[in-house]
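Enquirer: Contents of run16.csv (CSV, C-alpha atoms (C1' of nucleotides)) are given next:
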```csv
chain,number,residue,atom,x,y,z
A,57,MET,CA,21.3,0.5,3.7
A,58,ALA,CA,24.9,0.1,4.8
A,59,SER,CA,25.4,-2.8,7.2
A,60,VAL,CA,29.0,-2.2,8.3
A,61,LYS,CA,30.4,-3.1,11.7
A,62,GLN,CA,30.8,-0.1,13.9
A,63,MET,CA,32.7,-1.7,16.8
A,64,ASN,CA,34.9,-4.7,17.5
A,65,ARG,CA,34.0,-7.9,19.2
A,66,LYS,CA,35.4,-6.9,22.6
A,67,GLU,CA,33.4,-3.7,22.7
A,68,ILE,CA,30.3,-5.5,21.6
A,69,ASP,CA,30.6,-8.1,24.3
A,70,GLU,CA,31.1,-5.4,26.8
A,71,ARG,CA,27.9,-3.6,25.8
A,72,VAL,CA,25.9,-6.8,25.6
A,73,LYS,CA,27.0,-7.4,29.2
A,74,THR,CA,25.9,-4.0,30.3
A,75,PHE,CA,22.6,-4.5,28.4
A,76,THR,CA,22.1,-7.9,30.2
A,77,ASP,CA,22.6,-6.2,33.6
A,78,LEU,CA,20.2,-3.4,32.7
A,79,CYS,CA,17.5,-5.9,31.7
A,80,ARG,CA,17.9,-7.8,34.9
A,81,THR,CA,17.8,-4.5,36.9
A,82,GLN,CA,14.6,-3.5,35.1
A,83,GLY,CA,12.9,-6.9,35.5
A,84,LEU,CA,13.2,-7.8,31.8
A,85,LYS,CA,13.9,-11.4,30.9
A,86,VAL,CA,17.1,-11.9,28.9
A,87,THR,CA,15.9,-14.1,26.0
A,88,HIS,CA,17.8,-15.3,23.0
A,89,GLN,CA,15.6,-13.1,20.8
A,90,ARG,CA,16.4,-10.0,22.8
A,91,LEU,CA,20.1,-10.7,22.9
A,92,GLU,CA,20.2,-11.2,19.1
A,93,ILE,CA,18.1,-8.1,18.4
A,94,TYR,CA,20.3,-6.0,20.6
A,95,GLN,CA,23.5,-7.3,19.1
A,96,ALA,CA,22.2,-6.8,15.5
A,97,LEU,CA,21.7,-3.1,16.4
A,98,LEU,CA,25.2,-2.9,17.9
A,99,GLU,CA,26.8,-4.5,14.9
A,100,THR,CA,25.0,-2.3,12.3
A,101,ILE,CA,25.5,1.3,11.4
A,102,GLY,CA,22.9,3.1,9.4
A,103,HIS,CA,20.0,2.6,11.8
A,104,PRO,CA,18.3,-0.6,10.6
A,105,ALA,CA,14.5,-0.8,10.3
A,106,ALA,CA,12.6,-3.6,12.1
A,107,GLU,CA,12.5,-5.6,8.9
A,108,ASP,CA,16.3,-5.3,8.6
A,109,VAL,CA,16.9,-6.5,12.1
A,110,TYR,CA,14.5,-9.4,11.4
A,111,HIS,CA,16.6,-10.5,8.5
A,112,LEU,CA,19.9,-10.1,10.4
A,113,ILE,CA,18.9,-12.3,13.2
A,114,ARG,CA,17.2,-15.0,11.2
A,115,HIS,CA,20.6,-16.6,10.6
A,116,LYS,CA,20.8,-17.4,14.3
A,117,LEU,CA,17.1,-17.7,15.1
A,118,PRO,CA,15.3,-19.1,12.1
A,119,THR,CA,11.9,-19.3,13.8
A,120,VAL,CA,11.8,-15.7,15.2
A,121,SER,CA,8.8,-13.7,14.0
A,122,ILE,CA,8.6,-10.2,12.8
A,123,ASP,CA,6.2,-9.1,15.5
A,124,THR,CA,8.6,-10.2,18.2
A,125,VAL,CA,11.1,-7.8,16.6
A,126,TYR,CA,8.7,-4.9,16.6
A,127,ARG,CA,7.6,-5.7,20.2
A,128,THR,CA,11.2,-6.0,21.4
A,129,LEU,CA,12.4,-2.8,19.7
A,130,ALA,CA,9.5,-0.9,21.2
A,131,LEU,CA,10.2,-2.4,24.6
A,132,PHE,CA,13.9,-1.5,24.4
A,133,GLU,CA,13.0,2.0,23.4
A,134,GLU,CA,10.6,2.4,26.3
A,135,HIS,CA,13.3,1.3,28.7
A,136,GLY,CA,15.9,3.7,27.2
A,137,LEU,CA,18.1,0.9,25.9
A,138,ILE,CA,17.9,2.0,22.3
A,139,SER,CA,16.6,5.0,20.4
A,140,ARG,CA,14.2,5.3,17.5
A,141,VAL,CA,14.3,7.7,14.6
A,142,GLN,CA,10.9,8.6,13.4
A,143,CYS,CA,9.5,11.9,12.5
A,144,LEU,CA,6.3,11.6,14.4
A,145,SER,CA,3.9,8.8,14.7
A,146,ASP,CA,4.1,7.4,11.2
A,147,LYS,CA,2.3,9.7,8.8
A,148,GLY,CA,3.8,11.9,6.1
A,149,ARG,CA,3.2,15.6,6.8
A,150,PHE,CA,2.9,18.4,4.3
A,151,ASP,CA,3.8,22.1,4.2
A,152,SER,CA,3.1,24.9,1.7
A,153,ASN,CA,6.4,26.5,2.6
A,154,VAL,CA,9.1,25.4,0.2
A,155,GLU,CA,11.7,27.9,1.3
A,156,PRO,CA,14.6,26.5,3.5
A,157,HIS,CA,13.5,26.5,7.1
A,158,HIS,CA,13.7,24.6,10.4
A,159,HIS,CA,11.1,22.7,12.4
A,160,PHE,CA,9.8,23.0,16.0
A,161,ILE,CA,7.8,19.9,16.8
A,162,CYS,CA,5.4,19.7,19.6
A,163,VAL,CA,5.8,16.3,21.3
A,164,GLU,CA,2.3,16.5,22.6
A,165,CYS,CA,0.0,17.5,19.7
A,166,LYS,CA,2.6,16.6,17.0
A,167,ALA,CA,2.2,20.0,15.3
A,168,ILE,CA,5.2,21.1,13.2
A,169,TYR,CA,6.0,24.8,13.2
A,170,ASP,CA,8.4,26.4,10.8
A,171,PHE,CA,11.0,28.8,12.0
A,172,TYR,CA,14.2,30.5,10.8
A,173,TRP,CA,17.6,30.4,12.4
A,174,PRO,CA,20.3,32.5,10.7
A,175,GLU,CA,22.9,31.6,13.3
A,176,PHE,CA,22.5,28.0,12.5
A,177,ASP,CA,22.5,28.6,8.8
A,178,ARG,CA,25.9,30.3,9.2
A,179,LEU,CA,27.4,27.4,11.1
A,180,LEU,CA,29.7,25.0,9.2
A,181,PRO,CA,29.2,21.2,9.7
A,182,PRO,CA,31.9,19.6,12.0
A,183,ASP,CA,35.0,18.2,10.4
A,184,SER,CA,33.9,14.7,11.3
A,185,ILE,CA,31.3,14.9,8.6
A,186,GLY,CA,34.0,14.7,6.0
A,187,ALA,CA,34.5,11.0,6.9
A,188,LEU,CA,30.8,10.3,6.4
A,189,GLY,CA,30.0,12.0,3.0
A,190,GLU,CA,29.0,15.2,1.2
A,191,VAL,CA,26.4,17.4,2.9
A,192,ARG,CA,23.7,19.0,0.8
A,193,VAL,CA,21.0,20.1,3.3
A,194,GLU,CA,21.4,21.2,6.9
A,195,ARG,CA,18.3,21.4,9.1
A,196,ALA,CA,17.6,21.9,12.7
A,197,GLU,CA,14.8,20.1,14.5
A,198,LEU,CA,13.8,21.3,17.9
A,199,ARG,CA,11.3,19.4,20.0
A,200,GLY,CA,9.3,20.6,22.9
A,201,VAL,CA,5.8,21.7,23.9
A,202,CYS,CA,3.9,24.3,21.9
A,203,LYS,CA,2.2,27.3,23.4
A,204,HIS,CA,-1.2,25.8,22.8
A,205,CYS,CA,-0.4,22.6,24.7
A,206,LEU,CA,1.3,24.5,27.5
A,207,LYS,CA,-1.9,26.5,28.0
A,208,ALA,CA,-4.1,23.4,27.9
A,209,ARG,CA,-1.9,22.0,30.7
A,210,THR,CA,-2.2,24.8,33.2
A,211,SER,CA,-5.9,25.2,32.6
A,212,SER,CA,-6.6,21.5,33.4
A,213,VAL,CA,-5.1,19.3,36.2
A,214,GLN,CA,-2.4,20.8,38.3
B,226,MET,CA,-2.8,18.9,15.6
B,227,ALA,CA,-3.3,22.7,15.6
B,228,SER,CA,-5.2,24.0,12.7
B,229,VAL,CA,-4.8,27.8,13.1
B,230,LYS,CA,-4.8,30.2,10.2
B,231,GLN,CA,-1.3,31.3,9.3
B,232,MET,CA,-2.1,34.1,6.8
B,233,ASN,CA,-4.9,36.4,5.8
B,234,ARG,CA,-7.3,36.0,3.0
B,235,LYS,CA,-5.5,38.5,0.7
B,236,GLU,CA,-2.2,36.6,1.1
B,237,ILE,CA,-3.9,33.3,0.5
B,238,ASP,CA,-5.6,34.5,-2.7
B,239,GLU,CA,-2.2,35.8,-3.9
B,240,ARG,CA,-0.5,32.5,-3.3
B,241,VAL,CA,-3.3,30.6,-4.9
B,242,LYS,CA,-2.9,32.7,-8.0
B,243,THR,CA,0.8,32.1,-8.1
B,244,PHE,CA,0.1,28.4,-7.6
B,245,THR,CA,-2.4,28.4,-10.5
B,246,ASP,CA,0.1,30.1,-12.8
B,247,LEU,CA,2.8,27.5,-11.8
B,248,CYS,CA,0.5,24.7,-12.5
B,249,ARG,CA,-0.3,26.0,-16.0
B,250,THR,CA,3.4,26.6,-16.7
B,251,GLN,CA,4.2,23.0,-15.7
B,252,GLY,CA,1.3,21.6,-17.7
B,253,LEU,CA,-0.7,20.6,-14.6
B,254,LYS,CA,-4.5,21.0,-14.9
B,255,VAL,CA,-6.0,23.2,-12.3
B,256,THR,CA,-8.9,21.2,-10.8
B,257,HIS,CA,-11.2,22.0,-7.9
B,258,GLN,CA,-9.5,19.2,-5.9
B,259,ARG,CA,-6.1,20.6,-6.4
B,260,LEU,CA,-7.1,24.1,-5.5
B,261,GLU,CA,-8.8,23.0,-2.3
B,262,ILE,CA,-5.9,20.8,-1.3
B,263,TYR,CA,-3.4,23.6,-1.9
B,264,GLN,CA,-5.6,26.1,0.0
B,265,ALA,CA,-6.0,23.7,2.9
B,266,LEU,CA,-2.2,23.6,3.2
B,267,LEU,CA,-2.0,27.4,3.1
B,268,GLU,CA,-4.6,27.8,5.7
B,269,THR,CA,-3.2,25.3,8.2
B,270,ILE,CA,-0.1,25.5,10.3
B,271,GLY,CA,1.3,22.4,12.0
B,272,HIS,CA,1.9,20.5,8.7
B,273,PRO,CA,-1.3,18.4,8.2
B,274,ALA,CA,-1.1,14.7,7.2
B,275,ALA,CA,-2.9,13.5,4.1
B,276,GLU,CA,-5.8,12.4,6.2
B,277,ASP,CA,-6.1,15.9,7.8
B,278,VAL,CA,-6.2,17.5,4.4
B,279,TYR,CA,-8.8,15.1,3.3
B,280,HIS,CA,-11.1,16.0,6.2
B,281,LEU,CA,-10.4,19.8,5.7
B,282,ILE,CA,-11.6,19.7,2.1
B,283,ARG,CA,-14.6,17.5,2.4
B,284,HIS,CA,-16.6,20.5,3.5
B,285,LYS,CA,-16.3,21.9,0.0
B,286,LEU,CA,-15.8,18.7,-2.0
B,287,PRO,CA,-17.9,16.0,-0.3
B,288,THR,CA,-17.1,13.4,-2.9
B,289,VAL,CA,-13.3,13.7,-3.0
B,290,SER,CA,-11.4,10.5,-2.2
B,291,ILE,CA,-8.4,10.0,0.0
B,292,ASP,CA,-6.3,8.5,-2.8
B,293,THR,CA,-6.7,11.7,-4.8
B,294,VAL,CA,-5.3,13.6,-1.8
B,295,TYR,CA,-2.3,11.3,-1.6
B,296,ARG,CA,-1.7,11.5,-5.3
B,297,THR,CA,-2.1,15.2,-5.4
B,298,LEU,CA,0.2,15.9,-2.5
B,299,ALA,CA,2.8,13.6,-4.1
B,300,LEU,CA,2.4,15.4,-7.4
B,301,PHE,CA,2.8,18.9,-5.7
B,302,GLU,CA,5.9,17.7,-4.0
B,303,GLU,CA,7.5,16.4,-7.2
B,304,HIS,CA,6.8,19.8,-8.8
B,305,GLY,CA,8.3,21.7,-5.8
B,306,LEU,CA,5.0,23.3,-5.0
B,307,ILE,CA,4.9,22.0,-1.4
B,308,SER,CA,7.3,20.2,0.9
B,309,ARG,CA,6.9,16.9,2.7
B,310,VAL,CA,8.3,16.1,6.2
B,311,GLN,CA,9.2,12.5,6.5
B,312,CYS,CA,12.2,11.0,8.0
B,313,LEU,CA,12.9,8.6,5.2
B,314,SER,CA,10.7,6.4,3.2
B,315,ASP,CA,8.3,5.4,6.0
B,316,LYS,CA,9.8,2.9,8.3
B,317,GLY,CA,10.9,3.4,11.9
B,318,ARG,CA,14.6,3.1,12.3
B,319,PHE,CA,16.6,2.1,15.4
B,320,ASP,CA,19.9,2.8,17.0
B,321,SER,CA,21.8,1.4,19.9
B,322,ASN,CA,23.2,4.9,20.7
B,323,VAL,CA,21.1,6.5,23.3
B,324,GLU,CA,23.5,9.5,24.0
B,325,PRO,CA,22.5,12.8,22.5
B,326,HIS,CA,23.8,13.0,18.9
B,327,HIS,CA,22.9,14.3,15.5
B,328,HIS,CA,22.2,12.6,12.2
B,329,PHE,CA,23.7,12.6,8.8
B,330,ILE,CA,21.3,10.9,6.4
B,331,CYS,CA,22.3,9.6,3.0
B,332,VAL,CA,19.6,10.5,0.5
B,333,GLU,CA,20.6,7.6,-1.7
B,334,CYS,CA,20.9,4.5,0.5
B,335,LYS,CA,18.9,6.0,3.4
B,336,ALA,CA,21.6,5.1,5.9
B,337,ILE,CA,21.6,7.3,9.1
B,338,TYR,CA,25.0,8.0,10.6
B,339,ASP,CA,25.4,9.5,14.0
B,340,PHE,CA,27.8,12.4,14.6
B,341,TYR,CA,28.6,14.9,17.3
B,342,TRP,CA,28.6,18.7,16.8
B,343,PRO,CA,29.7,20.7,19.9
B,344,GLU,CA,29.4,24.1,18.1
B,345,PHE,CA,25.7,23.3,17.4
B,346,ASP,CA,25.1,22.1,21.0
B,347,ARG,CA,26.4,25.5,22.3
B,348,LEU,CA,24.1,27.5,20.1
B,349,LEU,CA,21.0,29.0,21.6
B,350,PRO,CA,17.6,28.7,19.8
B,351,PRO,CA,16.5,31.9,18.1
B,352,ASP,CA,14.3,34.3,20.0
B,353,SER,CA,11.4,33.6,17.6
B,354,ILE,CA,11.1,30.1,19.3
B,355,GLY,CA,9.7,31.8,22.4
B,356,ALA,CA,6.5,32.5,20.5
B,357,LEU,CA,6.1,28.9,19.5
B,358,GLY,CA,6.7,27.0,22.8
B,359,GLU,CA,9.3,25.5,25.2
B,360,VAL,CA,12.2,23.7,23.6
B,361,ARG,CA,13.4,20.4,25.2
B,362,VAL,CA,15.5,18.7,22.5
B,363,GLU,CA,17.7,20.3,19.8
B,364,ARG,CA,19.0,18.2,17.0
B,365,ALA,CA,20.7,18.8,13.7
B,366,GLU,CA,19.8,16.7,10.7
B,367,LEU,CA,22.2,16.9,7.7
B,368,ARG,CA,21.4,15.2,4.4
B,369,GLY,CA,23.7,14.4,1.6
B,370,VAL,CA,25.4,11.4,0.0
B,371,CYS,CA,27.5,9.0,2.0
B,372,LYS,CA,31.0,7.9,1.1
B,373,HIS,CA,29.8,4.5,0.2
B,374,CYS,CA,27.3,5.9,-2.4
B,375,LEU,CA,29.8,8.4,-3.7
B,376,LYS,CA,32.2,5.6,-4.4
B,377,ALA,CA,29.5,3.5,-6.1
B,378,ARG,CA,28.8,6.4,-8.3
B,379,THR,CA,32.3,7.1,-9.7
B,380,SER,CA,32.9,3.4,-10.2
B,381,SER,CA,29.8,3.0,-12.4
B,382,VAL,CA,28.4,5.3,-15.2
B,383,GLN,CA,30.4,8.5,-15.8
C,38,DT,C1',-12.2,16.2,-28.4
C,39,DT,C1',-8.8,14.1,-25.5
C,40,DG,C1',-5.3,13.2,-22.4
C,41,DG,C1',-4.6,14.2,-17.8
C,42,DT,C1',-7.4,13.5,-13.5
C,43,DT,C1',-10.6,11.5,-10.4
C,44,DG,C1',-13.3,8.0,-7.6
C,45,DC,C1',-13.9,3.5,-6.4
C,46,DA,C1',-12.2,-0.7,-4.9
C,47,DA,C1',-8.7,-3.7,-4.1
C,48,DA,C1',-3.8,-4.3,-3.2
C,49,DT,C1',0.5,-3.3,-0.5
C,50,DA,C1',3.3,-2.2,3.2
C,51,DT,C1',4.1,-1.3,7.9
C,52,DT,C1',3.0,-2.0,12.5
C,53,DT,C1',-0.1,-3.7,16.2
C,54,DT,C1',-2.9,-7.1,18.8
C,55,DG,C1',-5.4,-11.4,20.8
C,56,DC,C1',-4.3,-15.7,22.3
C,57,DA,C1',-2.4,-20.1,23.5
C,58,DA,C1',2.0,-22.3,24.0
C,59,DC,C1',6.5,-21.7,25.9
C,60,DC,C1',10.5,-20.8,28.8
C,61,DG,C1',13.7,-17.8,31.9
C,62,DG,C1',14.4,-17.0,36.7
D,161,DC,C1',6.1,-23.4,38.9
D,162,DC,C1',4.6,-18.9,37.1
D,163,DG,C1',4.3,-14.7,34.8
D,164,DG,C1',6.6,-12.5,31.3
D,165,DT,C1',7.6,-13.6,26.4
D,166,DT,C1',7.0,-15.7,21.9
D,167,DG,C1',5.0,-17.3,17.4
D,168,DC,C1',1.1,-17.5,14.7
D,169,DA,C1',-2.6,-15.4,12.5
D,170,DA,C1',-5.5,-11.8,11.9
D,171,DA,C1',-6.4,-6.8,12.5
D,172,DA,C1',-5.3,-2.0,12.1
D,173,DT,C1',-3.2,1.8,9.8
D,174,DA,C1',-1.0,4.3,6.1
D,175,DT,C1',-0.3,4.5,1.3
D,176,DT,C1',-0.4,2.9,-3.5
D,177,DT,C1',-2.3,1.1,-7.8
D,178,DG,C1',-5.5,-0.6,-11.8
D,179,DC,C1',-9.2,0.9,-14.3
D,180,DA,C1',-13.2,3.1,-16.2
D,181,DA,C1',-15.7,7.4,-16.1
D,182,DC,C1',-14.9,12.3,-16.1
D,183,DC,C1',-13.6,17.0,-17.1
D,184,DA,C1',-10.2,21.1,-17.9
D,185,DA,C1',-8.0,23.1,-21.7
```
Could you write out this structure as C-alpha cells?
Expert:
Amino acid sequence: MASVKQMNRKEIDERVKTFTDLCRTQGLKVTHQRLEIYQALLETIGHPAAEDVYHLIRHKLPTVSIDTVYRTLALFEEHGLISRVQCLSDKGRFDSNVEPHHHFICVECKAIYDFYWPEFDRLLPPDSIGALGEVRVERAELRGVCKHCLKARTSSVQ
Amino acid sequence: MASVKQMNRKEIDERVKTFTDLCRTQGLKVTHQRLEIYQALLETIGHPAAEDVYHLIRHKLPTVSIDTVYRTLALFEEHGLISRVQCLSDKGRFDSNVEPHHHFICVECKAIYDFYWPEFDRLLPPDSIGALGEVRVERAELRGVCKHCLKARTSSVQ
DNA sequence: TTGGTTGCAAATATTTTGCAACCGG
DNA sequence: CCGGTTGCAAAATATTTGCAACCAA
C-alpha cells in the first residue's frame, strides 16, 4: 500500500497540536505511543492497517506492541479523532445477486440490502479522480437503520 | 441479521436450475453441499456471512463442515456465480480524515484515497430506499487502479 | 473408475483481553 | 501519588490448508 506523505511538516505539527488539545479536553493522556500513532496516520495516505501503523512507528518506539496500536486506534475512533474503514464487523458477506447494484447497510443488525439507483449510475466521477487513477467500478453505500430495526425500537423502550 | 425470503419457490427453483447448468458448463461438480449453499444465499436477504450459511444448511446437511462453506463460497465467487462484500482483504483500515468524504480504492495495491464529490452529495437517495429503512450516511466507493500501479504496469511487462 | 470434492484437524491471520508494571498529569 | 496506559502473553474470532476418504460424472 502506498505510503506517500500527504501534508507538509508545518501542517502536520499543526494537526498534532490540535490532536493534543483534543486529548486533554477529553481526558486522554498524551503518551509517546499515541502521538506516534496519530502522526503515522497523518503522514500516510492509503489508509494503513493496524499492522502498517505498527511497523511505521517501530522506528521511533522499538518496544511498542501491536495490541497497543489496536487499542489506541480503537480509542481514537471512539473519540472521533480518526475514522475506520471496515465493511461491517469483520466477516466476509455473500450475495447471490451478481448484477451491478448498490448497498444499504443497517448499522444495527448489519443486514445489507441491495438497491438500484439509476441517477447515481448516470453521474460522472468528479474531475479530481483523474489525479488518483482510473475508475472501473462505482458503487454507492448508504448506511442507516432498516425497517425491521426501526420497528423493534418503537415496540420496546421509549 | 435479517433472514427473510427474497423470492418465491418458483423463482428459486429456476435460479437453482440456471446455477446447475452454469456449474456443468464450467466443469464444477454439482454436489448436495453446493446446491444447499447456493439456495441458502438465494433464500436469504441481508448478505449472510459464511458462518450464517453454515447454520442455515446444517438442517439439511448435518455433517457439512465450515471449511467446505468457505471453500465453496470462494469458488462460487471466482466463477462469478455469487458476489462477496468485503472492503478489502480483511483488515480494518484507518484514516486521520474525519470529515465526510468518499473513497477511491485501488484494486491492485489496496490503497484507499479520499476524495470529495459535491454532485453526489447533492443527490437524493432513490425512492426505493424508503421501503428499506432510514438513511443516515451516504458514501460513494469507486474502485479502479491508482496512478502508482498504472505506472508500475507500463514500466514492467508489456 | 477417477479426479474433483469433502470432512477433519491443525495452522494462520487478525483482533481482543487479563493482568501486573509503568508513567503522565 | 494514582488512575489511565502499556507490554506481554494468552485467548478469541475468522479464515485457510494438508490430507485421506469419498462421490458425481
Enquirer: Contacts from chain C to chain A, 12 Å maximum, all atoms listed in the file: show me the residue list as a PyMOL selection string.
Expert: chain C and resi 50-54+60-62
Enquirer: Pick out the closest residue to chain B from this set: A:Phe150, A:Tyr94, A:Phe160, A:Tyr172. Count only C-alpha atoms.
Expert: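 Of A:Phe150, A:Tyr94, A:Phe160, A:Tyr172, the one nearest chain B is A:Phe150, counting only C-alpha atoms.
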Enquirer: Leaving out DA57 in chain C and any residue of its chain fewer than 4 positions from it, which residues lie within 12 Å of it when counting only C-alpha atoms (C1' of nucleotides), given as a short mmCIF file (atom, residue, chain, number, x, y, z; two decimals) with C-alpha atoms (C1' of nucleotides), keeping the file's coordinate frame?
Expert:
```
data_model
loop_
_atom_site.label_atom_id
_atom_site.label_comp_id
_atom_site.auth_asym_id
_atom_site.auth_seq_id
_atom_site.Cartn_x
_atom_site.Cartn_y
_atom_site.Cartn_z
"C1'" DT D 166 7.00 -15.70 21.90
"C1'" DG D 167 5.00 -17.30 17.40
"C1'" DC D 168 1.10 -17.50 14.70
"C1'" DA D 169 -2.60 -15.40 12.50
#
```
Enquirer: So how far away is C1' of DT176 in chain D from CA of Val125 in chain A, in Å?
Expert: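 Here the two named atoms are 25.5 Å from each other.
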Enquirer: Grab the CA of Ala274 in chain B to CA of Cys371 in chain B distance for me, in Å with one decimal place.
Expert: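 Between CA of Ala274 in chain B and CA of Cys371 in chain B the gap is 29.6 Å.
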Enquirer: One decimal, Å: what's the distance from CA of His135 in chain A over to CA of Ala336 in chain B, could you say?
Expert: 24.6 Å
